[in-house]
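Student: Dropping a structure here in structure tokens format, bear with me for questions.
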Amino acid sequence: MSSDTAVEYEVAQGRSKSFYPRFERKDELQHQTHYCPGCGHGVVHKMLARAIDELGIQDRTILVGPVGCSVFTYYYFDLGNVQAAHGRAPAVSTALKRSRPESIVISYQGDGDLSAIGAAEILHAANRGENITVIFVNNAIYSMTGGQAAPTTLLGQKSTTTPEGRSALGEGYPLHESELLATLEAPVYIERVGLGDNKQIAQAARAIRRAVENQVRGLGFSLVEVLSPCPTIWKMQPVEAQHWVRDVMEKTFPLGVLRDRTREAQPRPAPATPPALEEIPRLLGLEHGERLVKDERQVLNLAGNGSALKRTGERARAAEVDLEVRIAGFGGQGVLLLGEVLAEAGLESGLEVSWLPSYGPEMRSGTSNCHVRLASQSIDSPLVSAPGILVAMNEPSLRKFDRTVRPGGWVIYNGEEFPADCVRPDVRVVALPFTKIAHELGDARASNMIMLGVLLEIAGVLPDASVAAALRRLVRNPRWVELDERAMAGGRARYREMFAEVHA
Amino acid sequence: MEAKKQDRGLLRIDRDECKGCGLCIEACPPKVIALSEELNHYGYRTAVYAGSGCTGCGICFMACPEPGAITVLRAVVHSAARTALEGSACASN
Amino acid sequence: MRKQLMKGNEAIVKSAILAGCRAFYGYPITPASEITETAALYMPKCGGVFVQAESEVAAINMLYGASAAGVRAMTASSGPGISLMQEGISYMAGAELPCVIADVMRGGPGLGNINSEQGDYNQVVKGGGHGNYHTLVLAPHSVQEMADLTALAFELADRYRNPVFVLADGFVGQMMEPVEFPEQAVAAPTPHWAVTGTAETRSNVINSLHMGADELETHVLELEKKYRLAEQREARAEDWFTDDAEIVLVGYGIVGRILKAVTAEARAAGIKVGLLRPITLYPFPVERFRRLLPRAKLFVVVEMSNGQLLDDVRLALNGARPVEFLSRMGGNVPSHEDVYRFVRERAHALKTAAGAEEERLAHV
Ligand code: SF4
Ligand SMILES: [Mg+2]
């Protein structure tokens, strides 16, 4: 250097501004991390902080900290900080990123956290291709809890829970989490790096920066696994531990890029603008406007039948509707739909209604039944234990409920022959081969609607217009509406023929 | 702080922050970092700069686990003319 | 808005979205799956996030993330799934993160069955996770309440920065009743403590870790203050003919509906019966029980579990009145007829006892 130049020095490498100037984790030692001398975590922290500095994303970054030695990330990083439960950081990160797509979400995890208790969360976050960055610090041991074996512990490596060394027979083989994740389609970038020497350290810093940058570019899931020394638990001097990473650990966990699709990956489209608040009710299918009938109770009340269906005693006042129906059959016989049309028609007519199904696997193969109530007054219990009308689609369903029908009630039974032992003197019966009738009408599946027609005649409380409106609301296919309407009309006609004298 | 031999680099070590793990000593290519004889406030022997020979490569910085224990500075070469203009402003370095 | 016939499980989701919920994370389980399915349908349309998680463990931790990001978030499950969520719920209470969890109860323990039961009472009301915390618990007994209490749950969750449960049973979830929603959807403001990935929120920390003994104790005492406040302000119950009731029936959820029918029938028969239906199970409406003491001679707890509600009623009454217990489990329902018979017998016994007492006094 010649005499006409002056030498000055500028900071080339110094404390990242993504770190807090002081660490308020304790009253004293506010300038140091809590990590042991020679621990790899501090090095990884510095790489991450520098990447964030360089990418200019400090304000946007949310760091999700794990449980383990690095549980205190929020003491060090001057970023948005969220501390997660053991192993769950990828789940927490998923939600942070999805709700705040503009943010940069980094999941920082150790090997116990990520590969043992959090094995499912990391697998599925990777498989969904969450646009997050995962920093996976692997030191082949549970450090914070004092040196128990991890899924990543090397064969033969001693730990407090493998005092004789890990054996393949007892504990299986070291889990290659990164290789495993690299079998998935979605991840964009997975690389294993080490902190075993200067060259490895330089590569690790580059990899971490890439993994963060991928997210900034919106490319998708990136993970960097860092083989990292834990001198304390390994019971080694820091330099010795560093060399162990390079000379021993790397043999089990080879370094290198396991997945790189950063070039092909397309940046994710920006999230769609959410709909205006005023749009929400419509989007939820909530209709404005009124029912056909609301305040005036335009409910028909045919004398005779209607009153027979009411509960006896003072509970039901005259001229009030209190219809309790039980509908039972096998899955696929339209039991639930019959009940729904009835309830919907009741609501359309300004009545209080309830519909309660049996549910679960029995819906699929076996029996199915539902409780329907229509009433002028508010409905106390939606459970119908003593129906005024029982609709039985088959004999087993009849036998299950026939004894529960209230005296003076009705049974609508799908069958030509009403079983003799089910006959009760205090219950009236409409027994017809409804399925056959429906078949003749055009489709056997319409038998439920023929039975509904009979039921409507018996109940005699619902205006036709309400029933028609209910049917249209629930059955969208016009062909089916037409068939169902014909079926219902057929049912009504059958009933009138049978019980002409009631109306006379 | 002025380097006598006008090295390309200069090292600052915060002795309170250093835990004396020795990774920087191992990492430093020209081997210009050593472990102190005396203990610091917390009872650690800490890294100390030999005083010259730093190339400013920054390798020790990333090898060190502490966020702010090591600061690596690098020489900036100014022309005399520029120095004349900005000299006083840069003196604080 | 026009009343619509709707399942309880569907009403929950629509109400949640109207209340500003924009994140749903769930895992299928009968009889709560329809909540997750309905959310899958509507949440994205309404600008929210829906993810079917890999487990209930993941789902609750996704809620943790969404809530940390300042978004109104919810999940839904049933017994076994709620058990798996307990760790995350404890974390959320500890980190003071609001969320709403719908539990549509099924039969237990273990795999139990998928029938309607109320056996999750203890694990939900008593805070089934670890540590010193509570969850607020709302217990709907109709589809309308499924909607109304879900909206309330979001309010309470934000007000107390705490998880809030909507504790329903299979019946209330599966049944359809007319339901009316508010005309307007609500925009939930982003809370100041959230971590949203912005300069303004950079210094925020979501965390439940407090290393120092004093530090943790202080934190727990702060949580306790919130719970005391909730106990003062949020306890709710429905009184149903309790004014002059000598026998007070107690039940929540679908049982509350059955007890209303029983009350109607018993009243028609001249028996002085009423129903006290807790709507909040935590905070438990203790005062509402005490208020009935001057006239009430007997309390009858009816539940679809093994005396879990009974414990709280006994604590509330603190020995002041006898408490009797009726229960069915496994998916069986205490029938209207059985409960009515029980009430009639007890009423008769009370009358006989009162008569004997009068006679005794007359002879003194
Ligand atoms: S125990 Fe190991 S991993 Fe934990 S801080 Fe110490 S060196 Fe680091
Ligand atoms: Mg570890």
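Ordering of the structure tokens sets the chain letters (A, B, ...), residue numbers begin anew at 1 in every chain, and ligands are numbered from 1 in the order given.
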How would you report the residues lying within 8 Å of ligand 2, as a ChimeraX atom specification, if you count only C-alpha atoms and all ligand atoms?
Tutor: /A:68-69,110-113,137-144,150
Student: Residues at most 7 Å from ligand 1, using only C-alpha atoms and all ligand atoms? Could they come as a list in words?
Tutor: His34, Tyr35, Cys36, Pro37, Gly38, Cys39, Gly40, His41, Cys69, Ser143, Met144, Pro229, Cys230, Pro231, Thr232 and Ile233 of chain A
Student: Could you build a table of the residues in chain B lying no more than 6 Å from chain A, giving for each the nearest pair of atoms and their separation in Å rounded to one decimal place, using only C-alpha atoms, ordered by chain and ascending residue number, as a tab-separated table?
Tutor:
residue	atom	partner	partner_atom	distance
B:Glu17	CA	A:Gln32	CA	5.5
B:Lys19	CA	A:Pro37	CA	5.5
B:Cys21	CA	A:Pro37	CA	4.9
B:Leu23	CA	A:Val239	CA	5.9
B:Pro65	CA	A:Gly42	CA	4.0
B:Glu66	CA	A:Gly42	CA	5.7
B:Pro67	CA	A:Arg15	CA	5.5
B:Gly68	CA	A:Arg15	CA	4.7
B:Thr71	CA	A:Gly14	CA	4.6
B:Val72	CA	A:Gln13	CA	4.9
B:Leu73	CA	A:Val11	CA	4.2
B:Arg74	CA	A:Tyr9	CA	5.1
B:Ala75	CA	A:Tyr9	CA	4.4
B:Val76	CA	A:Glu8	CA	5.4
B:Val77	CA	A:Val7	CA	5.6
B:His78	CA	A:Thr5	CA	5.9
B:Ser79	CA	A:Thr5	CA	5.3
B:Ala80	CA	A:Thr5	CA	5.2
Student: Please report the interatomic distance between atom CA of Glu231 of chain C and atom CA of Gly256 of chain C in Å with one decimal.
Tutor: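 We find that atom CA of Glu231 of chain C and atom CA of Gly256 of chain C lie 22.0 Å from each other.
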Student: Go through C:Leu136, C:Val164, C:Leu221, C:Ala16 one by one, measure the shortest atom-to-atom distance of each to chain A using only C-alpha atoms, and give the residue with the smallest value.
Tutor: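 Once distances to chain A are computed over only C-alpha atoms, the minimum belongs to C:Ala16.
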Student: Starting from chain A, keep only residues with some atom at most 6 Å from an atom of chain C, counting only C-alpha atoms, and report them as a list in words.
Tutor: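 Only these qualify: Asp59, Arg60, Thr61, Ile62, Leu79, Gly80, Asn81, Val82, Gln83, Ala91, Val92, Ala95, Leu96, Ser103, Pro274, Leu277, His288, Gly289, Glu290, Ser354, Trp355, Leu356, Asp380 and Ser381 of chain A.
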Student: Leaving out segment 31-47 of chain B and any residue of its chain fewer than 4 positions from it, which residues lie within 7 Å of it when counting only C-alpha atoms, given as a ChimeraX atom specification?
Tutor: /B:15-16,18-20,22,25,53-54
Student: May I have the residues from that selection written out with all heavy atoms, as a short mmCIF file (atom, residue, chain, number, x, y, z; two decimals), in the first residue's frame?
Tutor:
data_model
loop_
_atom_site.label_atom_id
_atom_site.label_comp_id
_atom_site.auth_asym_id
_atom_site.auth_seq_id
_atom_site.Cartn_x
_atom_site.Cartn_y
_atom_site.Cartn_z
N ARG B 15 -14.70 -9.78 25.47
CA ARG B 15 -14.25 -10.85 26.36
C ARG B 15 -15.35 -11.27 27.34
O ARG B 15 -15.33 -12.38 27.86
CB ARG B 15 -12.98 -10.44 27.08
CG ARG B 15 -11.80 -10.33 26.10
CD ARG B 15 -10.48 -10.36 26.81
NE ARG B 15 -10.33 -11.55 27.64
CZ ARG B 15 -9.61 -11.57 28.75
NH1 ARG B 15 -9.00 -10.49 29.18
NH2 ARG B 15 -9.50 -12.68 29.44
N ASP B 16 -16.30 -10.39 27.59
CA ASP B 16 -17.40 -10.77 28.48
C ASP B 16 -18.35 -11.76 27.81
O ASP B 16 -19.01 -12.55 28.45
CB ASP B 16 -18.21 -9.53 28.89
CG ASP B 16 -17.63 -8.93 30.16
OD1 ASP B 16 -16.73 -9.57 30.74
OD2 ASP B 16 -18.08 -7.85 30.55
N CYS B 18 -17.45 -13.94 25.37
CA CYS B 18 -16.76 -15.18 24.97
C CYS B 18 -16.82 -16.21 26.08
O CYS B 18 -16.65 -15.91 27.25
CB CYS B 18 -15.30 -14.85 24.64
SG CYS B 18 -14.34 -16.33 24.23
N LYS B 19 -17.10 -17.46 25.68
CA LYS B 19 -17.14 -18.57 26.65
C LYS B 19 -15.90 -19.46 26.52
O LYS B 19 -15.83 -20.52 27.14
CB LYS B 19 -18.39 -19.41 26.41
CG LYS B 19 -19.68 -18.69 26.78
CD LYS B 19 -20.89 -19.47 26.29
CE LYS B 19 -22.18 -18.76 26.64
NZ LYS B 19 -23.31 -19.31 25.87
N GLY B 20 -14.99 -19.05 25.65
CA GLY B 20 -13.71 -19.76 25.56
C GLY B 20 -13.78 -21.15 24.96
O GLY B 20 -13.00 -22.02 25.31
N GLY B 22 -13.06 -22.05 22.01
CA GLY B 22 -11.88 -22.29 21.18
C GLY B 22 -12.17 -22.60 19.73
O GLY B 22 -11.26 -22.89 18.96
N ILE B 25 -10.38 -20.27 17.37
CA ILE B 25 -8.94 -20.54 17.28
C ILE B 25 -8.69 -21.64 16.25
O ILE B 25 -7.82 -21.56 15.40
CB ILE B 25 -8.39 -20.93 18.67
CG1 ILE B 25 -8.60 -19.78 19.65
CG2 ILE B 25 -6.92 -21.35 18.59
CD1 ILE B 25 -8.36 -20.13 21.09
N GLY B 53 -2.07 -9.75 11.78
CA GLY B 53 -2.13 -10.91 10.90
C GLY B 53 -3.52 -11.29 10.44
O GLY B 53 -3.70 -12.22 9.64
N CYS B 54 -4.55 -10.60 10.91
CA CYS B 54 -5.93 -10.92 10.50
C CYS B 54 -6.13 -10.56 9.04
O CYS B 54 -5.77 -9.46 8.60
CB CYS B 54 -6.93 -10.17 11.37
SG CYS B 54 -8.64 -10.38 10.81
#
Student: Neighbours of Glu416 of chain A within 9 Å (only C-alpha atoms; same-chain residues fewer than 6 positions away dropped), as a PyMOL selection string?
Tutor: chain A and resi 431-434
Student: Could you save the residues just selected, with C-alpha atoms, as a CSV table (one decimal), in the first residue's frame?
Tutor:
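See out37.csv below for the written result:
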chain,number,residue,atom,x,y,z
A,431,ALA,CA,-100.6,-50.9,5.5
A,432,LEU,CA,-99.8,-50.8,1.7
A,433,PRO,CA,-97.0,-52.1,-0.5
A,434,PHE,CA,-95.6,-48.6,-0.9
Student: Quick one: of C:Ala354, C:Val179, C:Leu293, C:Ala19, who's nearest to Met74 of chain C, counting only C-alpha atoms?
Tutor: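 Using only C-alpha atoms, Met74 of chain C sits closest to C:Ala19.
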Student: Using DSSP on the backbone, list every residue of segment 3-77 of chain B that comes out as helix (DSSP H, G or I), and give them as an MDAnalysis selection string.
Tutor: chainID B and resid 23:27 59:63
Student: Within 7 Å of Arg428 of chain A, counting only C-alpha atoms, which residues qualify if same-chain residues fewer than 5 places away don't, as a PyMOL selection string?
Tutor: chain A and resi 409-411
Student: Save out the residues we just selected, all heavy atoms, as a PDB file, in the first residue's frame.
Tutor:
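Below you can see out-v9.pdb, which holds the result:
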ATOM      1  N   GLY A 409    -103.058 -43.232  18.068  1.00  0.00           N
ATOM      2  CA  GLY A 409    -102.119 -42.858  17.016  1.00  0.00           C
ATOM      3  C   GLY A 409    -102.248 -43.738  15.776  1.00  0.00           C
ATOM      4  O   GLY A 409    -103.158 -44.574  15.669  1.00  0.00           O
ATOM      5  N   TRP A 410    -101.316 -43.521  14.856  1.00  0.00           N
ATOM      6  CA  TRP A 410    -101.353 -44.188  13.558  1.00  0.00           C
ATOM      7  C   TRP A 410    -100.024 -44.874  13.245  1.00  0.00           C
ATOM      8  O   TRP A 410     -98.970 -44.385  13.658  1.00  0.00           O
ATOM      9  CB  TRP A 410    -101.598 -43.155  12.453  1.00  0.00           C
ATOM     10  CG  TRP A 410    -102.981 -42.585  12.409  1.00  0.00           C
ATOM     11  CD1 TRP A 410    -103.514 -41.672  13.263  1.00  0.00           C
ATOM     12  CD2 TRP A 410    -103.983 -42.901  11.463  1.00  0.00           C
ATOM     13  NE1 TRP A 410    -104.790 -41.372  12.921  1.00  0.00           N
ATOM     14  CE2 TRP A 410    -105.124 -42.114  11.796  1.00  0.00           C
ATOM     15  CE3 TRP A 410    -104.061 -43.762  10.352  1.00  0.00           C
ATOM     16  CZ2 TRP A 410    -106.313 -42.168  11.072  1.00  0.00           C
ATOM     17  CZ3 TRP A 410    -105.238 -43.787   9.626  1.00  0.00           C
ATOM     18  CH2 TRP A 410    -106.359 -43.014   9.989  1.00  0.00           C
ATOM     19  N   VAL A 411    -100.142 -45.953  12.460  1.00  0.00           N
ATOM     20  CA  VAL A 411     -98.945 -46.565  11.893  1.00  0.00           C
ATOM     21  C   VAL A 411     -99.115 -46.601  10.376  1.00  0.00           C
ATOM     22  O   VAL A 411    -100.138 -47.051   9.871  1.00  0.00           O
ATOM     23  CB  VAL A 411     -98.728 -48.007  12.408  1.00  0.00           C
ATOM     24  CG1 VAL A 411     -97.541 -48.645  11.707  1.00  0.00           C
ATOM     25  CG2 VAL A 411     -98.518 -48.012  13.916  1.00  0.00           C
TER      26      VAL A 411
END
Student: As an exercise, work out the distance from atom CA of Ser397 of chain A to atom CA of Val104 of chain C in Å and give it to one decimal place.
Tutor: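 The value is 27.5 Å.
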Student: Have a look at atom CA of Cys370 of chain A and atom CA of Pro478 of chain A and let me know their distance in Å, one decimal.
Tutor: 25.6 Å
Student: Hey, what's within 12 Å of Ala168 of chain A if we count only C-alpha atoms and toss same-chain stuff fewer than 3 positions away? As number ranges by chain, please?
Tutor: A: 151-157, 162, 165, 171-175
Student: Excluding same-chain residues fewer than 2 positions from segment 101-103 of chain C, what lies within 6 Å of it counting only C-alpha atoms, as a PyMOL selection string?
Tutor: chain C and resi 74-78+105+165-168
